[in-house]
Amino acid sequence: MEKLIVTPINFLDGVVTILDQTKLPIEIVYLEMKTVEDVYVAIKELKVRGAPAIGIAGAYGLFIIARNSITKTPKELIYEVKEIGEYLISSRPTAVNLEWAIRRIISRIDILIEKVDEIKRESIINFILNEAQMIHKEDEVTCYRIGEYGATLLEGVDSVLTHCNAGSIATSKYGTALSPIYYLHDRGKKIHVYADETRPLLQGARLTAWELMEAGVEVTLITDSMAGFVMANKGIGAVIVGADRIASNGDVANKIGTYGVAILAKEHGIPFYVAAPFSTFDLTLEDGNGIPIEERSGDEVTVIGGRRFAPLGVDVFNPAFDMTPCKYITAIITEKGIIRPPFRKNIRKLFEF
Ligand code: MRU
C-alpha cells in the first residue's frame, strides 16, 4: 500500500480533482471539478466510482454548488445547495453512501438556517467545505480499521477471491475489501488475490488488478465464469467483496455477479466476507428487496473498447448491481467490528453501541 500513491479524489488550493477511472490502467488522468454538472457526470459515467468514493465526491459537489452560487442571501444559498444536492443524489441510485454524505451535510447546514441572519455567505461555504473534508478524512480512518478487523479473519489464508473493485480508488484510501489485504501485505504477510474481471465494465481487470500490482500484491486475473473452477482448485481461503447498500437484515447489494460468487463460495465451504463502512448500511430497509438497483445502458454489454460485437438492436438487460441474501454471508467487516449472524440483531447491536 505504501507504494500506491494514486488517490481517487483530491482537494488542494481550492481545487477539487478526481482521478478519471475510466482511463485506467492505460492513463492516469485527473479532472478538475469546476461545476456541479462536472461532478454529476463524473459520478454517472463512473469516472469516480465505488460507494465511499462517490459519497466523498458528492460532499465536495455541495461545496462546488455553494462556491458557484450567485444567490443574494445566505438563506437562498442554503436552499440552493439543498435543491441541487438532491439532483446530485440522483446521479447513481444504488450506493447509499452518496445520499448519506449529501444528507449529512444538508442536515448540518439546516441547523445554520436558524442563525442565518448572523452568518456570512463565506462562512457557509467554508462550513460545507469543512464537512466535505471531514467525510473524506473519516473515510480513510474507517477503511484502515476495516483492514485491521478484516486481517483477523484471514489468519492462515493464502489466497482470496474478490469481485469488482473495492480497493483504495473506490474509497478515500486503503479500500474496504482490499484493506485487509494491504494491511497484511504491509506487515509482511503475502496473500494472493484472484480478481474476477467483472463484466461488463471490467472494474476487476482494469482497476483491482492494476492497483494490487502497483502496491506489489500478487494478483491473478480471471474471467467471471472461472470463479467456480478457481474455488474448486486454487485453495481459496476466503472470498471478500465490498458493498453498495446493506439492509437491516444483512442483505447486501454489490456489483452485478456478487450474488453468484456468494452461492459458489457456499457450495465450496469458503467463507464469504463483505467489507463495508457504517455509511453503507441503510437501516430504513427491512431487507434487500427494497434496494434500488441501477440499470445502465445496453451499450455497456454490447460494446467493448469501442467495438460492437453483439447484433445491432439486440435486447439487453444490464443491472449494475445485484442483491446477495444474508444467508450466504459469513460476516460483515465494519470499522466498528465484525458482524456475524444473526445479522438483524447484531447489526442493530453494533449501531446502538
Ligand atoms: O459501479 P461501481 O464500480 O461503482 O461498483 C462498485 C462496487 O460494486 C463496489 O464493490 C462497492 O461500491 C464497494 S467500493 C468500496
# chains A, B, ... in the order shown; residues from 1 in each chain; ligands from 1
$ select_by_dssp --residues "region 11-229 of chain A" --states "strand (DSSP E)" --output "ChimeraX atom specification"
/A:11-12,15-19,30-32,159-162,192-196,219-222
$ write_last_selection --atoms "N, CA and C atoms" --output "PDB file, in the first residue's frame"
ATOM      1  N   PHE A  11      -8.304  17.408  -2.849  1.00  0.00           N
ATOM      2  CA  PHE A  11      -8.657  18.819  -2.692  1.00  0.00           C
ATOM      3  C   PHE A  11      -7.384  19.566  -2.335  1.00  0.00           C
ATOM      4  N   LEU A  12      -6.986  20.491  -3.207  1.00  0.00           N
ATOM      5  CA  LEU A  12      -5.749  21.238  -2.964  1.00  0.00           C
ATOM      6  C   LEU A  12      -5.910  22.661  -3.486  1.00  0.00           C
ATOM      7  N   VAL A  15      -9.060  23.586  -5.213  1.00  0.00           N
ATOM      8  CA  VAL A  15      -9.429  22.856  -6.430  1.00  0.00           C
ATOM      9  C   VAL A  15      -9.736  21.391  -6.098  1.00  0.00           C
ATOM     10  N   VAL A  16     -10.912  20.922  -6.585  1.00  0.00           N
ATOM     11  CA  VAL A  16     -11.279  19.515  -6.413  1.00  0.00           C
ATOM     12  C   VAL A  16     -10.922  18.784  -7.709  1.00  0.00           C
ATOM     13  N   THR A  17     -10.126  17.738  -7.588  1.00  0.00           N
ATOM     14  CA  THR A  17      -9.821  16.929  -8.778  1.00  0.00           C
ATOM     15  C   THR A  17     -10.202  15.478  -8.498  1.00  0.00           C
ATOM     16  N   ILE A  18     -10.602  14.789  -9.556  1.00  0.00           N
ATOM     17  CA  ILE A  18     -10.853  13.347  -9.408  1.00  0.00           C
ATOM     18  C   ILE A  18     -10.068  12.588 -10.473  1.00  0.00           C
ATOM     19  N   LEU A  19      -9.642  11.414 -10.062  1.00  0.00           N
ATOM     20  CA  LEU A  19      -8.941  10.510 -10.970  1.00  0.00           C
ATOM     21  C   LEU A  19      -9.980   9.936 -11.938  1.00  0.00           C
ATOM     22  N   TYR A  30      -6.214  13.241 -14.143  1.00  0.00           N
ATOM     23  CA  TYR A  30      -7.055  13.893 -13.136  1.00  0.00           C
ATOM     24  C   TYR A  30      -7.909  14.971 -13.802  1.00  0.00           C
ATOM     25  N   LEU A  31      -9.172  15.036 -13.399  1.00  0.00           N
ATOM     26  CA  LEU A  31     -10.089  16.024 -13.963  1.00  0.00           C
ATOM     27  C   LEU A  31     -10.450  17.043 -12.890  1.00  0.00           C
ATOM     28  N   GLU A  32     -10.413  18.317 -13.267  1.00  0.00           N
ATOM     29  CA  GLU A  32     -10.812  19.343 -12.297  1.00  0.00           C
ATOM     30  C   GLU A  32     -12.333  19.461 -12.292  1.00  0.00           C
ATOM     31  N   SER A 159      -4.826 -17.456  -0.139  1.00  0.00           N
ATOM     32  CA  SER A 159      -5.415 -16.911  -1.363  1.00  0.00           C
ATOM     33  C   SER A 159      -6.855 -16.490  -1.121  1.00  0.00           C
ATOM     34  N   VAL A 160      -7.224 -15.344  -1.682  1.00  0.00           N
ATOM     35  CA  VAL A 160      -8.622 -14.903  -1.600  1.00  0.00           C
ATOM     36  C   VAL A 160      -9.120 -14.584  -3.003  1.00  0.00           C
ATOM     37  N   LEU A 161     -10.434 -14.549  -3.119  1.00  0.00           N
ATOM     38  CA  LEU A 161     -11.037 -14.146  -4.394  1.00  0.00           C
ATOM     39  C   LEU A 161     -11.869 -12.900  -4.128  1.00  0.00           C
ATOM     40  N   THR A 162     -11.802 -11.935  -5.055  1.00  0.00           N
ATOM     41  CA  THR A 162     -12.627 -10.738  -4.918  1.00  0.00           C
ATOM     42  C   THR A 162     -13.332 -10.442  -6.227  1.00  0.00           C
ATOM     43  N   HIS A 192      -2.375 -14.012  -1.870  1.00  0.00           N
ATOM     44  CA  HIS A 192      -2.558 -13.979  -3.316  1.00  0.00           C
ATOM     45  C   HIS A 192      -4.030 -13.663  -3.607  1.00  0.00           C
ATOM     46  N   VAL A 193      -4.264 -12.703  -4.488  1.00  0.00           N
ATOM     47  CA  VAL A 193      -5.642 -12.316  -4.790  1.00  0.00           C
ATOM     48  C   VAL A 193      -6.023 -12.779  -6.194  1.00  0.00           C
ATOM     49  N   TYR A 194      -7.140 -13.497  -6.289  1.00  0.00           N
ATOM     50  CA  TYR A 194      -7.751 -13.799  -7.588  1.00  0.00           C
ATOM     51  C   TYR A 194      -8.818 -12.739  -7.823  1.00  0.00           C
ATOM     52  N   ALA A 195      -8.676 -12.000  -8.907  1.00  0.00           N
ATOM     53  CA  ALA A 195      -9.607 -10.899  -9.188  1.00  0.00           C
ATOM     54  C   ALA A 195     -10.506 -11.267 -10.357  1.00  0.00           C
ATOM     55  N   ASP A 196     -11.834 -11.315 -10.090  1.00  0.00           N
ATOM     56  CA  ASP A 196     -12.794 -11.503 -11.198  1.00  0.00           C
ATOM     57  C   ASP A 196     -12.721 -10.271 -12.096  1.00  0.00           C
ATOM     58  N   VAL A 219      -1.403 -10.800  -7.766  1.00  0.00           N
ATOM     59  CA  VAL A 219      -2.786 -10.885  -8.224  1.00  0.00           C
ATOM     60  C   VAL A 219      -2.860 -11.707  -9.506  1.00  0.00           C
ATOM     61  N   THR A 220      -3.920 -12.516  -9.611  1.00  0.00           N
ATOM     62  CA  THR A 220      -4.182 -13.273 -10.830  1.00  0.00           C
ATOM     63  C   THR A 220      -5.562 -12.885 -11.322  1.00  0.00           C
ATOM     64  N   LEU A 221      -5.620 -12.478 -12.560  1.00  0.00           N
ATOM     65  CA  LEU A 221      -6.889 -12.049 -13.145  1.00  0.00           C
ATOM     66  C   LEU A 221      -7.615 -13.244 -13.764  1.00  0.00           C
ATOM     67  N   ILE A 222      -8.909 -13.357 -13.476  1.00  0.00           N
ATOM     68  CA  ILE A 222      -9.707 -14.432 -14.093  1.00  0.00           C
ATOM     69  C   ILE A 222     -10.990 -13.814 -14.668  1.00  0.00           C
TER      70      ILE A 222
END
$ residues_near_ligand --ligand "ligand 1" --cutoff "8 Å" --atoms "only C-alpha atoms and all ligand atoms" --output "ChimeraX atom specification"
/A:46,48-54,95,163-168,170-171,175-177,201,203,241-244,253-256,275-276,320-321
$ residues_around --residues "region 182-188 of chain A" --least-positions-apart "5" --cutoff "9 Å" --atoms "only C-alpha atoms" --output "JSON, numbers by chain"
{"A": [1, 2, 144, 147, 148, 150, 151, 154, 174, 175, 212, 215, 216, 217]}
$ residues_around --residues "region 38-45 of chain A" --least-positions-apart "6" --cutoff "9 Å" --atoms "only C-alpha atoms" --output "PyMOL selection string"
chain A and resi 18+20+22+31-32+54+57-58+60-61+64+87-92
$ closest_residue --among "A:Leu62, A:Leu283, A:Val261, A:Ala238" --to "Glu352 (chain A)" --atoms "only C-alpha atoms"
A:Leu283
$ residues_around --residues "region 96-113 of chain A" --least-positions-apart "4" --cutoff "8 Å" --atoms "only C-alpha atoms" --output "PyMOL selection string"
chain A and resi 51-52+54-56+58-59+62+75+78+81-82+85+89+124+128+131-132+135+244-245+279-282
$ closest_residue --among "A:Ile240, A:Val36, A:Leu77, A:Ile84" --to "Ile332 (chain A)" --atoms "only C-alpha atoms"
A:Ile240
$ closest_residue --among "A:Leu129, A:Asp117, A:Ser248, A:Val6" --to "Ala66 (chain A)" --atoms "only C-alpha atoms"
A:Leu129
$ select_by_dssp --residues "region 192-336 of chain A" --states "alpha helix (DSSP H)" --output "CSV table (one decimal) with N, CA, C and O atoms, in the first residue's frame"
chain,number,residue,atom,x,y,z
A,203,GLN,N,-14.2,-3.6,-13.9
A,203,GLN,CA,-13.5,-3.0,-12.7
A,203,GLN,C,-12.5,-3.9,-12.1
A,203,GLN,O,-11.5,-3.4,-11.6
A,209,ALA,N,-6.9,-5.3,-10.5
A,209,ALA,CA,-5.6,-5.9,-11.0
A,209,ALA,C,-4.5,-4.8,-11.0
A,209,ALA,O,-3.4,-5.0,-10.5
A,210,TRP,N,-4.9,-3.7,-11.5
A,210,TRP,CA,-3.9,-2.6,-11.6
A,210,TRP,C,-3.4,-2.1,-10.2
A,210,TRP,O,-2.2,-2.0,-9.9
A,211,GLU,N,-4.4,-1.8,-9.3
A,211,GLU,CA,-4.0,-1.2,-8.0
A,211,GLU,C,-3.2,-2.2,-7.2
A,211,GLU,O,-2.3,-1.8,-6.5
A,212,LEU,N,-3.6,-3.5,-7.3
A,212,LEU,CA,-2.8,-4.5,-6.5
A,212,LEU,C,-1.4,-4.6,-7.0
A,212,LEU,O,-0.4,-4.7,-6.3
A,213,MET,N,-1.3,-4.6,-8.3
A,213,MET,CA,0.1,-4.7,-8.9
A,213,MET,C,0.9,-3.5,-8.5
A,213,MET,O,2.1,-3.6,-8.2
A,214,GLU,N,0.3,-2.3,-8.6
A,214,GLU,CA,1.0,-1.1,-8.2
A,214,GLU,C,1.5,-1.2,-6.7
A,214,GLU,O,2.6,-0.7,-6.4
A,215,ALA,N,0.7,-1.9,-5.9
A,215,ALA,CA,1.1,-2.0,-4.5
A,215,ALA,C,2.0,-3.2,-4.2
A,215,ALA,O,2.4,-3.4,-3.1
A,227,ALA,N,-14.7,-18.3,-11.7
A,227,ALA,CA,-14.7,-18.3,-10.2
A,227,ALA,C,-14.9,-19.6,-9.6
A,227,ALA,O,-14.2,-20.0,-8.6
A,228,GLY,N,-15.9,-20.4,-10.1
A,228,GLY,CA,-16.2,-21.7,-9.5
A,228,GLY,C,-15.0,-22.7,-9.6
A,228,GLY,O,-14.6,-23.3,-8.7
A,229,PHE,N,-14.4,-22.7,-10.8
A,229,PHE,CA,-13.3,-23.6,-11.0
A,229,PHE,C,-12.1,-23.2,-10.1
A,229,PHE,O,-11.4,-24.0,-9.6
A,230,VAL,N,-11.9,-21.9,-10.0
A,230,VAL,CA,-10.8,-21.4,-9.1
A,230,VAL,C,-11.1,-21.8,-7.7
A,230,VAL,O,-10.2,-22.2,-7.0
A,231,MET,N,-12.3,-21.6,-7.2
A,231,MET,CA,-12.6,-22.0,-5.9
A,231,MET,C,-12.4,-23.5,-5.6
A,231,MET,O,-12.0,-23.9,-4.6
A,232,ALA,N,-12.7,-24.3,-6.7
A,232,ALA,CA,-12.6,-25.8,-6.5
A,232,ALA,C,-11.1,-26.2,-6.6
A,232,ALA,O,-10.7,-27.2,-6.0
A,233,ASN,N,-10.2,-25.4,-7.2
A,233,ASN,CA,-8.9,-25.9,-7.5
A,233,ASN,C,-7.7,-25.1,-7.0
A,233,ASN,O,-6.6,-25.5,-7.1
A,258,THR,N,-21.9,-10.5,-7.8
A,258,THR,CA,-21.6,-10.9,-6.5
A,258,THR,C,-22.4,-12.0,-5.9
A,258,THR,O,-22.0,-12.9,-5.2
A,259,TYR,N,-23.7,-12.0,-6.3
A,259,TYR,CA,-24.7,-13.0,-5.8
A,259,TYR,C,-24.2,-14.4,-6.2
A,259,TYR,O,-24.2,-15.3,-5.4
A,260,GLY,N,-23.9,-14.5,-7.5
A,260,GLY,CA,-23.4,-15.8,-8.0
A,260,GLY,C,-22.1,-16.3,-7.3
A,260,GLY,O,-22.0,-17.5,-6.9
A,261,VAL,N,-21.2,-15.3,-7.0
A,261,VAL,CA,-19.9,-15.7,-6.3
A,261,VAL,C,-20.2,-16.2,-4.9
A,261,VAL,O,-19.6,-17.1,-4.4
A,262,ALA,N,-21.2,-15.5,-4.3
A,262,ALA,CA,-21.6,-15.9,-2.9
A,262,ALA,C,-22.1,-17.3,-2.9
A,262,ALA,O,-21.8,-18.1,-2.0
A,263,ILE,N,-23.0,-17.7,-3.8
A,263,ILE,CA,-23.5,-19.0,-3.9
A,263,ILE,C,-22.4,-20.0,-4.1
A,263,ILE,O,-22.3,-21.1,-3.5
A,264,LEU,N,-21.5,-19.7,-5.0
A,264,LEU,CA,-20.4,-20.6,-5.3
A,264,LEU,C,-19.5,-20.8,-4.0
A,264,LEU,O,-19.1,-21.9,-3.8
A,265,ALA,N,-19.3,-19.7,-3.3
A,265,ALA,CA,-18.5,-19.8,-2.1
A,265,ALA,C,-19.1,-20.8,-1.1
A,265,ALA,O,-18.5,-21.6,-0.5
A,266,LYS,N,-20.5,-20.6,-0.9
A,266,LYS,CA,-21.2,-21.5,0.0
A,266,LYS,C,-21.0,-23.0,-0.4
A,266,LYS,O,-20.8,-23.9,0.4
A,267,GLU,N,-21.2,-23.2,-1.7
A,267,GLU,CA,-21.1,-24.6,-2.2
A,267,GLU,C,-19.7,-25.2,-2.0
A,267,GLU,O,-19.6,-26.4,-1.7
A,299,ASP,N,-25.4,-0.6,-24.2
A,299,ASP,CA,-24.1,-0.5,-24.9
A,299,ASP,C,-22.9,-1.0,-24.1
A,299,ASP,O,-21.9,-1.4,-24.6
A,300,GLU,N,-23.1,-0.9,-22.7
A,300,GLU,CA,-22.0,-1.4,-21.9
A,300,GLU,C,-21.8,-2.9,-22.0
A,300,GLU,O,-20.7,-3.4,-21.8
A,301,VAL,N,-22.9,-3.6,-22.5
A,301,VAL,CA,-22.8,-5.0,-22.7
A,301,VAL,C,-22.4,-5.4,-24.1
A,301,VAL,O,-21.6,-6.3,-24.3
A,302,THR,N,-22.9,-4.6,-25.0
A,302,THR,CA,-22.7,-5.0,-26.5
A,302,THR,C,-21.4,-4.4,-27.1
A,302,THR,O,-21.0,-4.9,-28.1
$ atom_distance --atom1 "CA of Phe63 (chain A)" --atom2 "CA of Cys143 (chain A)"
23.6 Å
$ residues_around --residues "Pro341 (chain A)" --least-positions-apart "5" --cutoff "8 Å" --atoms "only C-alpha atoms" --output "short mmCIF file (atom, residue, chain, number, x, y, z; two decimals) with all heavy atoms, in the first residue's frame"
data_model
loop_
_atom_site.label_atom_id
_atom_site.label_comp_id
_atom_site.auth_asym_id
_atom_site.auth_seq_id
_atom_site.Cartn_x
_atom_site.Cartn_y
_atom_site.Cartn_z
N THR A 330 -20.94 -14.84 5.51
CA THR A 330 -20.36 -15.38 6.74
C THR A 330 -20.22 -14.27 7.78
O THR A 330 -20.49 -14.47 8.97
CB THR A 330 -18.97 -15.98 6.44
OG1 THR A 330 -19.09 -16.85 5.31
CG2 THR A 330 -18.39 -16.72 7.62
N ALA A 331 -19.75 -13.10 7.34
CA ALA A 331 -19.57 -11.99 8.27
C ALA A 331 -19.46 -10.69 7.49
O ALA A 331 -19.07 -10.67 6.32
CB ALA A 331 -18.32 -12.19 9.12
N ASN A 346 -27.51 -8.42 15.37
CA ASN A 346 -26.14 -7.98 15.61
C ASN A 346 -25.79 -6.66 14.92
O ASN A 346 -24.96 -5.91 15.41
CB ASN A 346 -25.16 -9.08 15.22
CG ASN A 346 -25.28 -10.25 16.19
OD1 ASN A 346 -25.76 -10.08 17.31
ND2 ASN A 346 -24.87 -11.43 15.77
#
